[in-house]
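Asks: Hey, dropping run.cif in here, mmCIF, C-alpha atoms:
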```cif
data_target
#
loop_
_atom_site.label_atom_id
_atom_site.label_comp_id
_atom_site.auth_asym_id
_atom_site.auth_seq_id
_atom_site.Cartn_x
_atom_site.Cartn_y
_atom_site.Cartn_z
CA MET A 182 138.51 129.91 101.66
CA LYS A 183 135.10 131.32 102.39
CA ILE A 184 133.62 128.96 99.78
CA GLY A 185 134.73 125.92 101.83
CA ASN A 186 133.16 127.27 105.00
CA ASP A 187 129.89 128.00 103.20
CA GLU A 188 129.94 124.55 101.68
CA ARG A 189 130.29 123.00 105.13
CA LYS A 190 127.47 125.15 106.47
CA THR A 191 125.23 124.14 103.59
CA ARG A 192 125.99 120.46 104.13
CA ASN A 193 125.29 120.75 107.83
CA LYS A 194 122.07 122.58 107.11
CA THR A 195 121.00 119.96 104.60
CA LEU A 196 121.75 117.17 107.02
CA ARG A 197 119.88 118.96 109.80
CA LEU A 198 116.94 119.51 107.47
CA LEU A 199 116.95 115.84 106.53
CA CYS A 200 116.99 114.87 110.21
CA PHE A 201 114.10 117.26 110.89
CA LEU A 202 112.11 115.83 108.01
CA ILE A 203 112.62 112.22 109.11
CA SER A 204 111.84 113.10 112.69
CA ALA A 205 108.76 115.14 111.64
CA LEU A 206 107.44 112.24 109.59
CA LEU A 207 107.84 109.87 112.53
CA VAL A 208 106.27 112.26 115.04
CA MET A 209 103.32 112.92 112.71
CA THR A 210 102.73 109.18 112.28
CA ALA A 211 102.97 108.58 116.01
CA SER A 212 100.64 111.46 116.90
CA ALA A 213 98.10 110.32 114.27
CA ALA A 214 98.22 106.84 115.80
CA VAL A 215 97.66 108.26 119.30
CA TYR A 216 94.70 110.28 117.99
CA ASN A 217 93.34 107.09 116.45
CA TYR A 218 93.52 105.33 119.83
CA LEU A 219 91.80 108.23 121.58
CA TYR A 220 89.18 108.33 118.82
CA LEU A 221 88.44 104.62 119.17
CA GLN A 222 88.24 104.95 122.96
CA ALA A 223 85.79 107.83 122.59
CA MET A 224 83.34 105.80 120.54
CA PRO A 225 81.09 103.97 123.00
CA ILE A 226 78.81 101.13 121.89
CA SER A 227 75.29 102.26 122.60
CA SER A 228 71.91 100.54 122.54
CA LYS A 229 68.98 101.70 120.44
CA THR A 230 65.56 100.55 119.37
CA ALA A 231 65.36 98.43 116.22
CA LYS A 232 63.63 100.10 113.29
CA VAL A 233 62.66 96.90 111.50
CA ILE A 234 60.95 94.42 113.79
CA PHE A 235 58.93 91.20 113.76
CA ALA A 236 55.33 91.11 114.99
CA GLU A 237 52.62 88.50 115.27
CA GLY A 238 50.51 87.86 112.18
CA ALA A 239 46.93 86.62 111.95
CA ASP A 240 48.06 82.96 112.15
CA ALA A 241 50.28 83.53 115.15
CA THR A 242 48.33 81.20 117.42
CA ALA A 243 48.26 78.34 114.92
CA ALA A 244 51.98 78.70 114.17
CA GLY A 245 52.95 79.21 117.81
CA THR A 246 54.53 82.54 116.96
CA SER A 247 56.60 83.92 119.78
CA VAL A 248 58.03 87.35 119.11
CA GLY A 249 61.14 88.12 121.13
CA THR A 250 61.68 91.15 123.30
CA ASN A 251 61.75 94.34 121.23
CA GLY A 252 60.70 92.39 118.13
CA THR A 253 64.24 91.54 117.12
CA TYR A 254 63.58 87.83 116.69
CA VAL A 255 60.66 85.45 116.24
CA LYS A 256 60.16 81.73 116.93
CA PHE A 257 57.49 79.34 115.68
CA THR A 258 56.93 76.56 118.16
CA SER A 259 53.89 74.69 116.81
CA MET A 260 54.21 74.59 113.05
CA SER A 261 53.56 71.27 111.41
CA GLY A 262 53.00 69.95 107.91
CA TRP A 263 51.12 67.13 106.21
CA PRO A 264 52.58 64.23 104.23
CA ASN A 265 52.04 64.62 100.51
CA ALA A 266 50.06 67.89 100.86
CA THR A 267 51.09 71.48 101.39
CA ARG A 268 50.14 73.16 104.62
CA VAL A 269 50.15 76.95 104.51
CA TYR A 270 50.53 79.41 107.37
CA GLU A 271 49.47 82.50 105.47
CA ASN A 272 50.35 85.04 108.09
CA ALA A 273 52.66 83.48 110.64
CA THR A 274 54.54 86.69 111.26
CA VAL A 275 54.95 90.16 109.80
CA ILE A 276 57.99 92.34 109.28
CA LYS A 277 57.39 95.97 110.21
CA ASN A 278 59.39 99.07 109.46
CA VAL A 279 58.50 101.24 112.45
CA ASP A 280 60.55 104.19 111.22
CA GLY A 281 58.31 106.86 109.79
CA ALA A 282 60.79 108.24 107.29
CA VAL A 283 63.54 105.79 106.30
CA ASN A 284 63.35 102.86 103.88
CA PHE A 285 65.55 99.91 104.78
CA ALA A 286 67.22 97.44 102.45
CA CYS A 287 66.72 93.92 103.81
CA GLN A 288 67.91 90.45 103.01
CA LEU A 289 66.01 87.39 104.23
CA SER A 290 68.01 84.20 103.92
CA ARG A 291 68.28 80.69 105.29
CA ASP A 292 70.95 80.54 107.97
CA SER A 293 70.80 76.83 108.81
CA TRP A 294 68.47 73.87 108.96
CA SER A 295 68.69 70.37 110.38
CA GLY A 296 66.65 67.30 111.29
CA SER A 297 64.83 64.86 109.00
CA ILE A 298 65.66 66.85 105.91
CA GLY A 299 65.41 63.78 103.68
CA SER A 300 61.73 63.42 104.51
CA ILE A 301 60.61 66.89 103.52
CA ASP A 302 59.44 67.82 100.04
CA GLU A 303 58.79 71.52 100.40
CA LEU A 304 59.67 74.04 103.05
CA TYR A 305 59.73 77.65 102.02
CA ILE A 306 58.43 81.06 102.88
CA ARG A 307 56.77 83.62 100.63
CA LEU A 308 56.96 87.36 101.19
CA PHE A 309 54.06 89.71 100.50
CA ASP A 310 54.58 93.45 100.45
CA ASN A 311 52.60 96.25 102.07
CA THR A 312 49.82 95.98 99.45
CA ASP A 313 49.69 92.19 99.99
CA THR A 314 51.26 91.55 96.59
CA TYR A 315 53.56 88.52 96.26
CA TYR A 316 57.19 89.67 96.29
CA GLY A 317 59.49 86.64 96.52
CA THR A 318 60.31 83.24 97.92
CA VAL A 319 63.01 81.98 100.24
CA GLN A 320 63.48 78.21 100.07
CA VAL A 321 64.65 76.45 103.19
CA HIS A 322 64.56 73.18 101.28
CA GLY A 323 66.04 74.18 97.96
CA ALA A 324 68.70 76.26 96.31
CA SER A 325 66.90 79.62 96.17
CA ASN A 326 67.44 80.41 99.82
CA SER A 327 67.82 84.18 99.90
CA THR A 328 65.95 87.25 98.76
CA THR A 329 66.52 90.97 99.04
CA PHE A 330 63.84 93.62 99.35
CA THR A 331 63.36 97.19 100.49
CA ILE A 332 60.79 97.82 103.16
CA GLY A 333 59.41 101.33 102.97
CA ALA A 334 58.84 103.67 105.91
CA GLY A 335 55.92 102.46 108.02
CA GLU A 336 55.30 99.41 105.82
CA VAL A 337 54.23 95.95 107.02
CA TRP A 338 55.22 92.87 105.04
CA ARG A 339 53.54 89.47 105.49
CA VAL A 340 55.52 86.24 105.81
CA GLU A 341 53.85 83.05 104.66
CA TRP A 342 55.18 79.56 105.47
CA ARG A 343 54.57 76.53 103.24
CA ILE A 344 55.40 73.04 104.44
CA LYS A 345 54.99 69.71 102.65
CA TRP A 346 56.35 66.40 103.98
CA SER A 347 57.04 63.47 101.71
CA ALA A 348 54.43 60.68 101.52
CA THR A 349 56.67 58.40 103.54
CA ALA A 350 57.36 60.85 106.36
CA LEU A 351 56.78 59.62 109.90
CA SER A 352 55.10 61.49 112.73
CA THR A 353 58.43 61.45 114.54
CA ASP A 354 60.15 63.38 111.74
CA THR A 355 61.02 66.98 112.56
CA VAL A 356 63.14 69.71 111.08
CA THR A 357 64.48 72.89 112.58
CA ALA A 358 65.27 75.92 110.45
CA THR A 359 66.84 79.26 111.24
CA LEU A 360 66.40 82.21 108.95
CA GLU A 361 68.22 85.49 109.14
CA LEU A 362 66.90 88.96 108.35
CA ARG A 363 69.68 91.39 107.58
CA VAL A 364 68.67 95.01 107.66
CA THR A 365 71.23 97.40 106.25
CA GLY A 366 72.21 99.81 109.00
CA GLU A 367 70.18 97.93 111.57
CA GLY A 368 72.04 94.69 112.28
CA THR A 369 70.59 91.18 112.06
CA GLY A 370 67.41 89.53 113.41
CA GLU A 371 66.48 85.86 113.32
CA MET B 170 84.76 101.44 102.64
CA GLN B 171 83.79 104.97 103.68
CA PRO B 172 85.54 106.54 106.68
CA LEU B 173 83.22 107.17 109.62
CA SER B 174 81.99 110.69 110.16
CA ALA B 175 82.31 111.76 113.76
CA PRO B 176 82.79 114.98 115.73
CA LEU B 177 86.41 115.87 116.29
CA LEU B 178 88.20 115.21 119.56
CA PRO B 179 90.04 118.11 121.24
CA GLU B 180 93.30 116.24 120.51
CA PHE B 181 92.84 117.10 116.84
CA LEU B 182 93.83 120.67 117.77
CA GLY B 183 96.86 119.23 119.54
CA ILE B 184 97.86 117.35 116.39
CA LEU B 185 97.51 120.56 114.38
CA GLY B 186 99.73 122.27 116.94
CA ILE B 187 102.34 119.50 116.63
CA ASP B 188 102.31 119.82 112.85
CA ILE B 189 102.69 123.60 113.13
CA PHE B 190 105.75 123.26 115.36
CA LEU B 191 107.26 120.67 113.00
CA ILE B 192 106.69 123.03 110.06
CA LEU B 193 108.24 125.84 112.11
CA SER B 194 111.37 123.82 112.80
CA ILE B 195 111.76 123.07 109.10
CA LEU B 196 111.04 126.68 108.08
CA THR B 197 113.50 128.10 110.57
CA CYS B 198 116.09 125.67 109.25
CA ILE B 199 115.43 126.74 105.66
CA PHE B 200 115.48 130.45 106.51
CA ASP B 201 118.70 130.18 108.55
CA PHE B 202 117.29 131.07 111.92
CA PRO B 203 119.53 130.36 114.91
CA VAL B 204 120.06 126.61 115.32
CA PHE B 205 118.90 126.87 118.93
CA LEU B 206 115.47 128.10 117.79
CA GLN B 207 115.13 125.29 115.25
CA TYR B 208 115.61 122.73 117.99
CA VAL B 209 113.30 124.58 120.37
CA TYR B 210 110.53 124.30 117.80
CA HIS B 211 111.24 120.66 117.10
CA ILE B 212 111.32 119.81 120.79
CA SER B 213 108.06 121.78 121.21
CA ALA B 214 106.50 119.30 118.77
CA PHE B 215 107.71 116.48 121.02
CA VAL B 216 106.23 118.28 124.01
CA GLY B 217 102.94 118.46 122.12
CA PHE B 218 103.10 114.75 121.48
CA GLY B 219 103.80 114.23 125.17
CA GLN B 220 100.75 116.24 126.21
CA LEU B 221 98.66 114.24 123.72
CA TRP B 222 99.89 111.07 125.36
CA ILE B 223 99.26 112.43 128.85
CA ASN B 224 95.71 113.45 127.84
CA GLY B 225 95.09 109.87 126.80
CA VAL B 226 96.65 108.27 129.86
CA PHE B 227 95.25 110.55 132.58
CA ALA B 228 91.84 111.01 130.92
CA PHE B 229 91.24 114.65 131.89
CA SER B 230 87.81 116.14 131.33
CA GLU B 231 87.07 117.08 127.73
CA GLU B 232 86.98 120.78 128.60
CA THR B 233 90.45 120.66 130.16
CA ARG B 234 91.82 118.71 127.20
CA PHE B 235 90.30 121.26 124.82
CA LEU B 236 91.82 124.20 126.72
CA ILE B 237 95.27 122.56 126.84
CA CYS B 238 95.21 121.71 123.13
CA LEU B 239 93.82 125.13 122.19
CA ALA B 240 96.56 126.90 124.17
CA TYR B 241 99.19 124.76 122.44
CA LEU B 242 97.69 125.51 119.01
CA VAL B 243 97.50 129.24 119.71
CA ILE B 244 101.18 129.27 120.78
CA GLY B 245 102.06 127.49 117.52
CA LEU B 246 100.07 130.00 115.46
CA ALA B 247 101.66 132.95 117.26
CA ASN B 248 105.08 131.53 116.42
CA ILE B 249 104.14 131.08 112.75
CA VAL B 250 103.14 134.76 112.65
CA PHE B 251 106.37 135.69 114.46
CA VAL B 252 108.55 133.73 112.01
CA ASN B 253 106.70 135.28 109.06
CA GLY B 254 107.16 138.77 110.51
CA TYR B 255 110.79 138.11 111.37
CA VAL B 256 111.59 136.87 107.86
CA GLY B 257 109.91 140.00 106.50
CA SER B 258 111.74 142.42 108.77
CA ARG B 259 115.14 140.71 108.64
CA ASP B 260 115.49 139.81 104.99
CA ARG B 261 113.23 142.52 103.58
CA LYS B 262 112.43 140.27 100.66
CA ILE B 263 108.83 140.91 99.69
CA LEU B 264 108.62 137.78 97.56
CA TRP B 265 109.72 135.42 100.35
CA THR B 266 107.56 137.12 102.95
CA THR B 267 104.49 137.08 100.73
CA ALA B 268 105.10 133.48 99.72
CA LEU B 269 105.41 132.47 103.36
CA LEU B 270 102.30 134.46 104.23
CA CYS B 271 100.20 132.94 101.44
CA CYS B 272 101.51 129.38 101.56
CA VAL B 273 101.98 128.85 105.28
CA THR B 274 100.67 131.51 107.63
CA ILE B 275 97.21 132.21 106.19
CA PRO B 276 96.33 128.57 105.33
CA THR B 277 97.50 127.44 108.78
CA ILE B 278 95.40 130.08 110.51
CA ILE B 279 92.33 129.26 108.38
CA ILE B 280 92.67 125.51 108.98
CA SER B 281 93.19 126.06 112.72
CA PHE B 282 90.15 128.33 113.07
CA SER B 283 88.06 125.89 111.02
CA ALA B 284 89.17 122.99 113.23
CA VAL B 285 88.28 124.93 116.40
CA SER B 286 84.91 125.85 114.89
CA TRP B 287 84.25 122.22 113.85
CA TYR B 288 85.09 121.04 117.35
CA VAL B 289 83.01 123.69 119.14
CA ASN B 290 79.99 123.13 116.88
CA LYS B 291 80.37 119.31 117.03
CA VAL B 292 80.49 119.05 113.23
CA ALA B 293 80.96 115.46 112.04
CA ILE B 294 84.07 115.21 109.88
CA SER B 295 85.21 112.24 107.82
CA LEU B 296 88.88 111.81 108.53
CA PRO B 297 91.03 109.59 106.36
CA TRP B 298 91.88 106.20 107.86
CA LEU B 299 94.66 106.79 110.34
CA PRO B 300 97.31 104.16 111.01
CA LEU B 301 96.71 101.70 113.84
CA ILE B 302 100.17 101.23 115.28
CA PRO B 303 100.83 99.02 118.31
CA THR B 304 101.85 100.97 121.42
CA GLU B 305 105.20 99.11 121.49
CA ALA B 306 105.90 100.43 117.99
CA LEU B 307 105.01 103.94 119.16
CA ALA B 308 107.74 103.78 121.78
CA ALA B 309 110.18 102.54 119.12
CA ILE B 310 109.17 105.38 116.78
CA LEU B 311 109.81 107.94 119.49
CA LEU B 312 113.17 106.33 120.27
CA VAL B 313 114.14 106.55 116.59
CA CYS B 314 113.02 110.21 116.61
CA GLY B 315 115.22 110.86 119.62
CA ILE B 316 118.19 109.18 117.94
CA VAL B 317 117.68 111.14 114.70
CA LEU B 318 117.42 114.37 116.64
CA ALA B 319 120.51 113.54 118.70
CA ILE B 320 122.51 112.83 115.54
CA SER B 321 121.35 116.12 114.09
CA LEU B 322 122.26 117.92 117.32
CA ILE B 323 125.74 116.39 117.36
CA LEU B 324 126.26 117.41 113.74
CA SER B 325 125.21 120.96 114.55
CA SER B 326 127.29 121.22 117.72
CA PHE B 327 130.55 119.86 116.46
CA GLY B 328 130.18 120.40 112.75
CA LEU B 329 131.00 117.73 110.23
CA LYS B 330 134.05 117.75 108.12
CA PHE B 331 133.53 115.95 104.87
CA PRO B 332 136.41 114.64 102.81
CA GLY B 333 137.31 117.32 100.33
CA SER B 334 135.75 120.17 102.26
CA SER B 335 138.31 122.66 103.38
CA ILE B 336 137.76 124.31 106.73
CA PRO B 337 139.66 127.54 106.85
CA LYS B 338 142.08 128.23 109.62
CA LYS B 339 141.69 131.62 111.19
CA ARG B 340 144.48 133.88 110.24
CA LYS B 341 145.84 136.79 112.04
CA GLY B 342 144.35 140.00 110.83
CA GLY B 343 140.85 138.65 110.78
CA GLU B 344 140.94 137.29 107.25
CA LYS B 345 138.18 134.82 106.68
#
```
Would you kindly transcribe this structure into structure tokens?
Replies:
Amino acid sequence: MKIGNDERKTRNKTLRLLCFLISALLVMTASAAVYNYLYLQAMPISSKTAKVIFAEGADATAAGTSVGTNGTYVKFTSMSGWPNATRVYENATVIKNVDGAVNFACQLSRDSWSGSIGSIDELYIRLFDNTDTYYGTVQVHGASNSTTFTIGAGEVWRVEWRIKWSATALSTDTVTATLELRVTGEGTGE
Amino acid sequence: MQPLSAPLLPEFLGILGIDIFLILSILTCIFDFPVFLQYVYHISAFVGFGQLWINGVFAFSEETRFLICLAYLVIGLANIVFVNGYVGSRDRKILWTTALLCCVTIPTIIISFSAVSWYVNKVAISLPWLPLIPTEALAAILLVCGIVLAISLILSSFGLKFPGSSIPKKRKGGEK
């Protein structure tokens, strides 16, 4: 008779243990989720100075270079090209790594462009590294519209623009292009 | 994708405390402690969850939250030591006591002290990705927990007679 009583006790214990395990699993999941919420709430979005910035180059006046606040973007307001001949802005802007210790991986690519795109023969930029050696090309008008590079600590890279309109282009023809500089760990500048 | 490294929140100690109480409820069930104590430990885990929730809702200062969570964790650790000692003194089985000491008590204490040290020294820790559960689902989870616990409580209070299990009738003379 004692065997039956023990059997019942064991079954009850097993059931209770099962209930505890299920309940424990649920409570652990719920408490981890609550911690996750608290963790997300505790992570404020702060502001900091950009480490890779744009600055005016030697041809800034000719190109109408306008560097935005904090160097996070740059605009060229007076660039123009010639029909059937290439016009070069050798140093329209520079890209600077102002961090003294960290190298940053960057990607310069065409984001968008619009306007009289049928009337333009060439529109591209060429990158020159800290020693003024040619590094790569990003075509605005063309398929090769992205390049990646690593800018070393304290380095300054030169950005050269080349523009060539077709022979039949009119003085009223214009194009607008937007390029994007992605800096790994530093966000995006245009 | 790598998990973000960030200093721990004081609630991490609270979560450790909750886990300790859940382990305690399971251990006390395995080692045949009084049923009452098993439920006390399990409900203590719920209380810990409640204080975690309250910390989030009422947004106490970080110092207060740390002290609350630390107190909860210390109570959990003290109970682990008590259960270990009680198993040792009651059953006098060296193997069980040592196993419990090496597998539960010492690791729990080491992890808890490490967590407190990480928090105090603001050490950035990469935690695994934790589930993002909607708050409505959280309420449902707790409701299910309550139901499971209630079922378990009913089973313990009234016993469960399974088909085929013979429950002895008490006989005169004290025969079991």
Asks: What lies within 10 Å of Val356 (chain A) using all atoms listed in the file, ignoring chain neighbours under 3 positions off, as a ChimeraX atom specification?
Replies: /A:261,294-301,304
Asks: Could you tell me which residues the PyMOL selection byres ((chain A and resi 248-258) around 12) grabs in this file, written as number ranges by chain?
Replies: A: 228-238, 240-247, 259-261, 270, 272-279, 340, 342, 355-364, 367-371
Asks: To one decimal in Å, tell me the separation between CA of Ser321 (chain B) and CA of Thr195 (chain A).
Replies: 10.2 Å
Asks: For chain A, list the residues within 8 Å of chain B, counting only C-alpha atoms, and write the list as a ChimeraX atom specification.
Replies: /A:182-183,185-186,188-189,193-194,196-198,200-205,207-220
Asks: Going by the chain IDs and residue numbers used in this file, which residues fall under the PyMOL selection byres ((chain A and resi 319-321) around 7)? Write them as a CSV table (one decimal) with C-alpha atoms, keeping the file's coordinate frame.
Replies:
```
chain,number,residue,atom,x,y,z
A,290,SER,CA,68.0,84.2,103.9
A,291,ARG,CA,68.3,80.7,105.3
A,304,LEU,CA,59.7,74.0,103.0
A,305,TYR,CA,59.7,77.6,102.0
A,306,ILE,CA,58.4,81.1,102.9
A,307,ARG,CA,56.8,83.6,100.6
A,317,GLY,CA,59.5,86.6,96.5
A,318,THR,CA,60.3,83.2,97.9
A,322,HIS,CA,64.6,73.2,101.3
A,323,GLY,CA,66.0,74.2,98.0
A,324,ALA,CA,68.7,76.3,96.3
A,325,SER,CA,66.9,79.6,96.2
A,326,ASN,CA,67.4,80.4,99.8
A,327,SER,CA,67.8,84.2,99.9
A,328,THR,CA,66.0,87.2,98.8
```
Asks: Here is a test: counting all atoms listed in the file, which residue of B:Leu193, B:Arg259, B:Arg234, B:Ile280 is nearest to Ala247 (chain B)?
Replies: B:Leu193
Asks: Near Gly262 (chain A), within 10 Å and counting all atoms listed in the file, which residues show up once chain neighbours fewer than 4 positions away are dropped, as number ranges by chain?
Replies: A: 266-270, 301, 303-304, 343-347, 352, 355
Asks: Provide the CA of Cys238 (chain B) to CA of Val285 (chain B) distance in Å, to one decimal place.
Replies: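 According to the coordinates, CA of Cys238 (chain B) and CA of Val285 (chain B) are separated by 10.2 Å.
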Asks: Could you please determine the separation between CA of Gln288 (chain A) and CA of Trp338 (chain A) in Å, to one decimal place?
Replies: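 Calculated distance between CA of Gln288 (chain A) and CA of Trp338 (chain A) is 13.1 Å.
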Asks: Show me the residues around (110.0, 140.3, 104.7) - criterion: an atom at most 12 Å away, all atoms listed in the file counted - as a VMD selection string.
Replies: chain B and resid 200 250 to 270
Asks: Using all atoms listed in the file, determine which residues lie at most 9 Å from Ile278 (chain B), disregarding the query and same-chain residues fewer than 5 positions distant; provide the list as an mmCIF file with C-alpha atoms, keeping the file's coordinate frame.
Replies:
```
data_model
loop_
_atom_site.group_PDB
_atom_site.id
_atom_site.type_symbol
_atom_site.label_atom_id
_atom_site.label_comp_id
_atom_site.auth_asym_id
_atom_site.auth_seq_id
_atom_site.Cartn_x
_atom_site.Cartn_y
_atom_site.Cartn_z
ATOM 1 C CA LEU B 246 100.070 130.000 115.460
ATOM 2 C CA VAL B 273 101.980 128.850 105.280
ATOM 3 C CA SER B 283 88.060 125.890 111.020
#
```
